[in-house]
Amino acid sequence: MNEKAPAPGGLSLVEALVNTLDVETGTDALDTTEGRAVFGLAERDVPAARELREALRAACLAHAGHRAPDRSPAVLDSFLAEAPLLVTVAEDGTAALRPATPDTLVSRIAEALAAAAADGTWARLKACEAEDCQWAYYDRSPAGRRRWCSMSVCGARAKMRTYRARRSDPDASV
C-alpha cells in the first residue's frame with residue numbers, strides 16, 4: 001500500500017511484520033515459505049508470529065489515535081516479557097540494549113522497540129486508519145499527524161466517501 005521508504009532502524013522489521021497481512025485481500029505472507037524465511041520463522045512459529053503481528057498492529061493503530069476492535073496494545077507486554085533485554089557495553093564505552101536470546105523474532109522486535117522508544121521514533125510507526133487497509137507506515141510528516149498509509153489511495157477513498165455522504169444528505173452543512 002505505502003510506496004514510501006521503510007521505517008528507520010529496527011522499526012523496519014516491525015513494519016515488515018505488520019505488513020505481512022494484506023487486510024483487504026486476506027493474503028498472509030506468513031503462509032509461504034518465502035514469507036516466513038524473511039523473519040527466520042519455522043512453520044510451527046507462525047501462530048505466535050501472527051499474534052505478535054496483531055499486537056503490533058494494535059499498537060500502531062493506537063499511535064494513529066485508533067483502537068483495534070478486538071485487541072489492546074497492552075497485549076504486546078506479554079510478548080515482550082518473553083524477550084528479556086540485556087545492557088551491553090562496547091569497547092568504546094557506549095551502552096546498548098541487546099536481546100538475551102537474539103535468535104528469536106520476539107527478541108529482535110523487543111530490541112527494535114526499545115531502541116525506537118529511546119530515540120523517539122516508536123510513536124511515528126502507525127497503521128492506516130482505513131479499516132480495509134491498516135497497513136503500517138512510518139509517519140514522516142512534520143507534525144506527525146498522517147492518517148493514511150497513502151493519501152493517493154486510502155486518503156482519497158476516505159475523502160470521497162465523506163464528500164458523497166455530504167452530497168447525499170441535503171441537511172449536512174458544507
# chains A, B, ... in the order shown; residues from 1 in each chain; ligands from 1
>>> residues_around(residues="Leu80 (chain A)", least_positions_apart="2", cutoff="12 Å", atoms="only C-alpha atoms", output="NGL selection string")
:A and (52 or 55-56 or 73-78 or 82-85 or 99-100 or 104-114)
>>> select_by_dssp(residues="chain A", states="helix (DSSP H, G or I)", output="PyMOL selection string")
chain A and resi 11-18+29-31+33-37+43-63+75-81+105-119+122-124+151-168
>>> select_by_dssp(residues="region 6-159 of chain A", states="strand (DSSP E or B)", output="mmCIF file with all heavy atoms, in the first residue's frame")
data_model
loop_
_atom_site.group_PDB
_atom_site.id
_atom_site.type_symbol
_atom_site.label_atom_id
_atom_site.label_comp_id
_atom_site.auth_asym_id
_atom_site.auth_seq_id
_atom_site.Cartn_x
_atom_site.Cartn_y
_atom_site.Cartn_z
ATOM 1 N N LEU A 21 0.364 -9.163 6.439
ATOM 2 C CA LEU A 21 -1.048 -9.442 6.173
ATOM 3 C C LEU A 21 -1.657 -8.303 5.383
ATOM 4 O O LEU A 21 -1.639 -7.153 5.826
ATOM 5 C CB LEU A 21 -1.831 -9.617 7.479
ATOM 6 C CG LEU A 21 -3.340 -9.836 7.308
ATOM 7 C CD1 LEU A 21 -3.624 -11.156 6.600
ATOM 8 C CD2 LEU A 21 -4.040 -9.790 8.660
ATOM 9 N N ASP A 22 -2.206 -8.625 4.219
ATOM 10 C CA ASP A 22 -2.961 -7.659 3.428
ATOM 11 C C ASP A 22 -4.405 -7.777 3.905
ATOM 12 O O ASP A 22 -5.111 -8.732 3.561
ATOM 13 C CB ASP A 22 -2.839 -7.977 1.937
ATOM 14 C CG ASP A 22 -3.532 -6.971 1.048
ATOM 15 O OD1 ASP A 22 -4.566 -6.398 1.472
ATOM 16 O OD2 ASP A 22 -3.059 -6.766 -0.080
ATOM 17 N N THR A 27 -4.549 -11.949 2.149
ATOM 18 C CA THR A 27 -3.310 -12.638 1.812
ATOM 19 C C THR A 27 -2.306 -12.460 2.948
ATOM 20 O O THR A 27 -2.045 -11.346 3.382
ATOM 21 C CB THR A 27 -2.711 -12.067 0.505
ATOM 22 O OG1 THR A 27 -3.696 -12.160 -0.517
ATOM 23 C CG2 THR A 27 -1.469 -12.830 0.098
ATOM 24 N N ASP A 28 -1.754 -13.583 3.403
ATOM 25 C CA ASP A 28 -0.812 -13.569 4.517
ATOM 26 C C ASP A 28 0.520 -14.137 4.045
ATOM 27 O O ASP A 28 0.618 -15.315 3.710
ATOM 28 C CB ASP A 28 -1.368 -14.405 5.671
ATOM 29 C CG ASP A 28 -0.572 -14.281 6.944
ATOM 30 O OD1 ASP A 28 0.593 -13.837 6.901
ATOM 31 O OD2 ASP A 28 -1.113 -14.643 8.006
ATOM 32 N N LEU A 85 15.891 -8.138 27.699
ATOM 33 C CA LEU A 85 16.990 -7.403 27.087
ATOM 34 C C LEU A 85 18.098 -7.209 28.113
ATOM 35 O O LEU A 85 17.825 -7.039 29.302
ATOM 36 C CB LEU A 85 16.504 -6.048 26.577
ATOM 37 C CG LEU A 85 15.425 -6.075 25.506
ATOM 38 C CD1 LEU A 85 14.942 -4.659 25.196
ATOM 39 C CD2 LEU A 85 15.921 -6.750 24.241
ATOM 40 N N LEU A 86 19.312 -7.226 27.644
ATOM 41 C CA LEU A 86 20.474 -7.016 28.491
ATOM 42 C C LEU A 86 21.169 -5.730 28.075
ATOM 43 O O LEU A 86 21.196 -5.396 26.893
ATOM 44 C CB LEU A 86 21.463 -8.173 28.335
ATOM 45 C CG LEU A 86 20.930 -9.580 28.590
ATOM 46 C CD1 LEU A 86 21.975 -10.607 28.200
ATOM 47 C CD2 LEU A 86 20.547 -9.717 30.047
ATOM 48 N N VAL A 87 21.737 -5.032 29.042
ATOM 49 C CA VAL A 87 22.543 -3.864 28.728
ATOM 50 C C VAL A 87 23.958 -4.362 28.439
ATOM 51 O O VAL A 87 24.542 -5.094 29.242
ATOM 52 C CB VAL A 87 22.563 -2.852 29.897
ATOM 53 C CG1 VAL A 87 23.486 -1.685 29.568
ATOM 54 C CG2 VAL A 87 21.171 -2.379 30.202
ATOM 55 N N THR A 88 24.471 -3.985 27.275
ATOM 56 C CA THR A 88 25.839 -4.348 26.920
ATOM 57 C C THR A 88 26.651 -3.069 26.732
ATOM 58 O O THR A 88 26.102 -2.036 26.360
ATOM 59 C CB THR A 88 25.883 -5.181 25.620
ATOM 60 O OG1 THR A 88 25.312 -4.412 24.553
ATOM 61 C CG2 THR A 88 25.108 -6.483 25.780
ATOM 62 N N VAL A 89 27.936 -3.170 26.997
ATOM 63 C CA VAL A 89 28.829 -2.028 26.840
ATOM 64 C C VAL A 89 29.927 -2.421 25.858
ATOM 65 O O VAL A 89 30.593 -3.445 26.030
ATOM 66 C CB VAL A 89 29.426 -1.597 28.194
ATOM 67 C CG1 VAL A 89 30.356 -0.402 28.014
ATOM 68 C CG2 VAL A 89 28.317 -1.270 29.185
ATOM 69 N N ALA A 95 26.731 2.142 25.543
ATOM 70 C CA ALA A 95 25.838 1.114 26.072
ATOM 71 C C ALA A 95 24.671 0.911 25.116
ATOM 72 O O ALA A 95 24.246 1.850 24.440
ATOM 73 C CB ALA A 95 25.317 1.527 27.447
ATOM 74 N N ALA A 96 24.189 -0.305 25.081
ATOM 75 C CA ALA A 96 23.045 -0.627 24.223
ATOM 76 C C ALA A 96 22.267 -1.766 24.853
ATOM 77 O O ALA A 96 22.798 -2.525 25.665
ATOM 78 C CB ALA A 96 23.520 -1.023 22.831
ATOM 79 N N LEU A 97 21.005 -1.846 24.484
ATOM 80 C CA LEU A 97 20.183 -2.979 24.899
ATOM 81 C C LEU A 97 20.278 -4.049 23.825
ATOM 82 O O LEU A 97 20.146 -3.760 22.631
ATOM 83 C CB LEU A 97 18.726 -2.553 25.070
ATOM 84 C CG LEU A 97 18.417 -1.718 26.297
ATOM 85 C CD1 LEU A 97 16.983 -1.217 26.247
ATOM 86 C CD2 LEU A 97 18.632 -2.531 27.559
ATOM 87 N N ARG A 98 20.488 -5.278 24.247
ATOM 88 C CA ARG A 98 20.570 -6.405 23.324
ATOM 89 C C ARG A 98 19.688 -7.528 23.865
ATOM 90 O O ARG A 98 19.590 -7.713 25.080
ATOM 91 C CB ARG A 98 22.007 -6.917 23.199
ATOM 92 C CG ARG A 98 22.980 -5.901 22.689
ATOM 93 C CD ARG A 98 22.866 -5.776 21.173
ATOM 94 N NE ARG A 98 23.804 -4.759 20.721
ATOM 95 C CZ ARG A 98 23.448 -3.651 20.116
ATOM 96 N NH1 ARG A 98 22.204 -3.401 19.873
ATOM 97 N NH2 ARG A 98 24.338 -2.780 19.734
ATOM 98 N N PRO A 99 19.066 -8.277 22.960
ATOM 99 C CA PRO A 99 18.244 -9.400 23.424
ATOM 100 C C PRO A 99 19.096 -10.486 24.074
ATOM 101 O O PRO A 99 20.206 -10.765 23.617
ATOM 102 C CB PRO A 99 17.582 -9.925 22.159
ATOM 103 C CG PRO A 99 18.090 -9.129 21.025
ATOM 104 C CD PRO A 99 19.036 -8.110 21.532
ATOM 105 N N LEU A 125 5.503 5.117 14.131
ATOM 106 C CA LEU A 125 5.094 3.938 13.365
ATOM 107 C C LEU A 125 3.611 3.748 13.612
ATOM 108 O O LEU A 125 3.187 3.489 14.741
ATOM 109 C CB LEU A 125 5.883 2.696 13.772
ATOM 110 C CG LEU A 125 5.646 1.477 12.885
ATOM 111 C CD1 LEU A 125 6.107 1.741 11.445
ATOM 112 C CD2 LEU A 125 6.347 0.260 13.441
ATOM 113 N N LYS A 126 2.823 3.918 12.569
ATOM 114 C CA LYS A 126 1.365 3.932 12.692
ATOM 115 C C LYS A 126 0.742 2.929 11.738
ATOM 116 O O LYS A 126 1.417 2.376 10.877
ATOM 117 C CB LYS A 126 0.838 5.334 12.371
ATOM 118 C CG LYS A 126 1.383 6.398 13.296
ATOM 119 C CD LYS A 126 0.899 7.765 12.931
ATOM 120 C CE LYS A 126 1.451 8.807 13.900
ATOM 121 N NZ LYS A 126 0.945 10.139 13.584
ATOM 122 N N ALA A 127 -0.552 2.726 11.909
ATOM 123 C CA ALA A 127 -1.310 1.887 10.979
ATOM 124 C C ALA A 127 -2.382 2.754 10.341
ATOM 125 O O ALA A 127 -2.992 3.598 10.995
ATOM 126 C CB ALA A 127 -1.937 0.700 11.698
ATOM 127 N N ALA A 136 0.921 -0.747 7.984
ATOM 128 C CA ALA A 136 1.840 0.016 8.827
ATOM 129 C C ALA A 136 2.681 0.937 7.956
ATOM 130 O O ALA A 136 3.088 0.574 6.855
ATOM 131 C CB ALA A 136 2.733 -0.925 9.616
ATOM 132 N N TYR A 137 2.915 2.133 8.462
ATOM 133 C CA TYR A 137 3.744 3.107 7.757
ATOM 134 C C TYR A 137 4.446 3.976 8.788
ATOM 135 O O TYR A 137 4.000 4.102 9.926
ATOM 136 C CB TYR A 137 2.912 3.985 6.809
ATOM 137 C CG TYR A 137 1.909 4.858 7.527
ATOM 138 C CD1 TYR A 137 2.238 6.144 7.923
ATOM 139 C CD2 TYR A 137 0.638 4.381 7.840
ATOM 140 C CE1 TYR A 137 1.324 6.938 8.606
ATOM 141 C CE2 TYR A 137 -0.277 5.163 8.515
ATOM 142 C CZ TYR A 137 0.070 6.441 8.899
ATOM 143 O OH TYR A 137 -0.817 7.217 9.588
ATOM 144 N N TYR A 138 5.541 4.558 8.370
ATOM 145 C CA TYR A 138 6.280 5.459 9.247
ATOM 146 C C TYR A 138 5.882 6.883 8.897
ATOM 147 O O TYR A 138 6.028 7.315 7.760
ATOM 148 C CB TYR A 138 7.798 5.259 9.084
ATOM 149 C CG TYR A 138 8.569 6.043 10.100
ATOM 150 C CD1 TYR A 138 8.648 5.605 11.414
ATOM 151 C CD2 TYR A 138 9.191 7.226 9.754
ATOM 152 C CE1 TYR A 138 9.339 6.339 12.366
ATOM 153 C CE2 TYR A 138 9.887 7.965 10.699
ATOM 154 C CZ TYR A 138 9.946 7.509 12.001
ATOM 155 O OH TYR A 138 10.626 8.232 12.948
#
>>> residues_around(residues="region 116-120 of chain A", least_positions_apart="5", cutoff="8 Å", atoms="only C-alpha atoms", output="list of chain:residue names")
A:Gly9, A:Gly10, A:Leu11
